[in-house]
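Report on one structure; see the data block that follows.
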Amino acid sequence: DMGKKEEALSLYKEALTACRETFGDRHPSTLDSINAMAVFFRDMGNYLESHLLYEEVVAAARETLGGRHPKNLLYRNGMARLFHKEGNLEESRLLFEEVLAARREVLGDQHPHTATSMKWLLEVFRESGDEDEASKLEAELSSLSH
């Protein structure tokens, strides 16, 4: 945010290398570090690097934590946001729907992460012109906030 992208990237790489060497590739701290780099690259517009990192972290989290673990859902939500930023609304919608369904089941409708998934999916519905689904989800979100 301060315009020091190269310095930030260097620190992210250093942290990831240290995590891999200290804890291994599948440790939760390593997974968080991989995710942080994926977010960094996504936000910088380097979608290829971001994809590679999201694929790695989602696969590793599924192996070690399970497909419905809240961290894995966080990583998958990030990947859906990447698809969204790329303009790939169909892939984004599919993944957001999967994550939302899992978050409802695992965390419940009232959890902030569930609401976050609903808001992202609502945005995708609107951008893709699916006003019926957007209206339904908006009404549900509105009822949750009261």
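All residue names refer to the structure tokens as shown: chains lettered A, B, ... in order, residues numbered from 1 in each chain, ligands numbered from 1 in order.
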Exercise. Skipping near chain neighbours, those fewer than 2 positions away, what residues fall within 8 Å of stretch 73-79 of chain A using only C-alpha atoms, listed as JSON, numbers by chain?
Worked result: {"A": [35, 39, 51, 54, 57, 58, 67, 68, 69, 70, 71, 81, 82, 83, 95, 96, 99, 102, 103, 117]}
Problem set entry | Residues near stretch 18-26 of chain A, cut-off 10 Å, only C-alpha atoms, skip fewer than 3 positions along chain, as a list in words |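 Counting only C-alpha atoms, the residues come to Tyr12, Lys13, Glu14, Ala15, Ser29, Thr30, Leu31, Asp32, Ser33, Ile34, Glu56, Val57, Ala59, Ala60, Ala61, Glu63, Thr64 and Leu65 of chain A.
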Save out the residues we just selected, N, CA and C atoms, as a short mmCIF file (atom, residue, chain, number, x, y, z; two decimals), in the first residue's frame.
data_model
loop_
_atom_site.label_atom_id
_atom_site.label_comp_id
_atom_site.auth_asym_id
_atom_site.auth_seq_id
_atom_site.Cartn_x
_atom_site.Cartn_y
_atom_site.Cartn_z
N TYR A 12 7.94 -11.18 1.38
CA TYR A 12 7.05 -12.34 1.23
C TYR A 12 7.84 -13.58 0.85
N LYS A 13 8.77 -13.42 -0.10
CA LYS A 13 9.59 -14.56 -0.54
C LYS A 13 10.47 -15.07 0.60
N GLU A 14 11.04 -14.15 1.34
CA GLU A 14 11.89 -14.52 2.48
C GLU A 14 11.09 -15.28 3.52
N ALA A 15 9.90 -14.80 3.82
CA ALA A 15 9.05 -15.46 4.81
C ALA A 15 8.63 -16.85 4.34
N SER A 29 1.56 -22.60 8.92
CA SER A 29 2.25 -21.31 8.73
C SER A 29 2.76 -21.16 7.30
N THR A 30 3.21 -22.26 6.73
CA THR A 30 3.66 -22.23 5.34
C THR A 30 2.49 -21.96 4.41
N LEU A 31 1.36 -22.62 4.68
CA LEU A 31 0.17 -22.40 3.86
C LEU A 31 -0.28 -20.94 3.93
N ASP A 32 -0.24 -20.36 5.12
CA ASP A 32 -0.61 -18.94 5.25
C ASP A 32 0.35 -18.04 4.48
N SER A 33 1.62 -18.40 4.47
CA SER A 33 2.62 -17.62 3.74
C SER A 33 2.41 -17.74 2.23
N ILE A 34 2.09 -18.95 1.76
CA ILE A 34 1.79 -19.13 0.33
C ILE A 34 0.57 -18.30 -0.04
N GLU A 56 -1.42 -24.34 -5.43
CA GLU A 56 -0.59 -25.05 -4.45
C GLU A 56 -1.22 -25.02 -3.07
N VAL A 57 -1.65 -23.86 -2.62
CA VAL A 57 -2.16 -23.75 -1.25
C VAL A 57 -3.49 -24.48 -1.09
N ALA A 59 -4.54 -27.13 -2.82
CA ALA A 59 -4.26 -28.58 -2.83
C ALA A 59 -3.62 -29.03 -1.52
N ALA A 60 -2.66 -28.26 -1.04
CA ALA A 60 -1.97 -28.63 0.21
C ALA A 60 -2.92 -28.56 1.40
N ALA A 61 -3.76 -27.55 1.43
CA ALA A 61 -4.71 -27.42 2.54
C ALA A 61 -5.74 -28.55 2.50
N GLU A 63 -5.21 -31.55 1.42
CA GLU A 63 -4.48 -32.74 1.89
C GLU A 63 -4.30 -32.75 3.40
N THR A 64 -3.89 -31.63 3.95
CA THR A 64 -3.50 -31.59 5.36
C THR A 64 -4.63 -31.18 6.30
N LEU A 65 -5.51 -30.30 5.86
CA LEU A 65 -6.55 -29.78 6.75
C LEU A 65 -7.93 -30.34 6.42
#
For this session: Return as JSON, numbers by chain the full set of residues in stretch 19-143 of chain A whose backbone-based DSSP assignment is alpha helix (DSSP H).
Result: {"A": [19, 20, 21, 22, 23, 28, 29, 30, 31, 32, 33, 34, 35, 36, 37, 38, 39, 40, 41, 42, 43, 44, 47, 48, 49, 50, 51, 52, 53, 54, 55, 56, 57, 58, 59, 60, 61, 62, 63, 64, 70, 71, 72, 73, 74, 75, 76, 77, 78, 79, 80, 81, 82, 83, 84, 85, 86, 89, 90, 91, 92, 93, 94, 95, 96, 97, 98, 99, 100, 101, 102, 103, 104, 105, 106, 107, 112, 113, 114, 115, 116, 117, 118, 119, 120, 121, 122, 123, 124, 125, 126, 127, 131, 132, 133, 134, 135, 136, 137, 138, 139, 140, 141, 142, 143]}
Exercise. Which residues, written as a list in words, have at least one atom at most 12 Å from A:Glu127, with only C-alpha atoms counted and residues fewer than 5 positions away on the same chain left out?
Worked result: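 So the residues in contact are His84, Lys85, Gly87, Asn88, Leu89, Glu90, Ser92, Arg93, Trp120, Leu121, Leu122, Glu133 and Ala134 of chain A.
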For this session: Find the residue from A:Pro112, A:Lys4, A:Asp132, A:Leu137 that sits nearest to A:Glu97; use only C-alpha atoms when measuring.
Result: A:Leu137
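Separating atom CA of A:Tyr47 from atom CA of A:Thr114 is a distance of 25.1 Å.
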Exercise. From the list A:Glu123, A:His27, A:Gly3, A:Gly66, which residue is nearest A:Met44 when using only C-alpha atoms?
Worked result: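 Comparing A:Glu123, A:His27, A:Gly3, A:Gly66 against A:Met44, the winner is A:Gly3.
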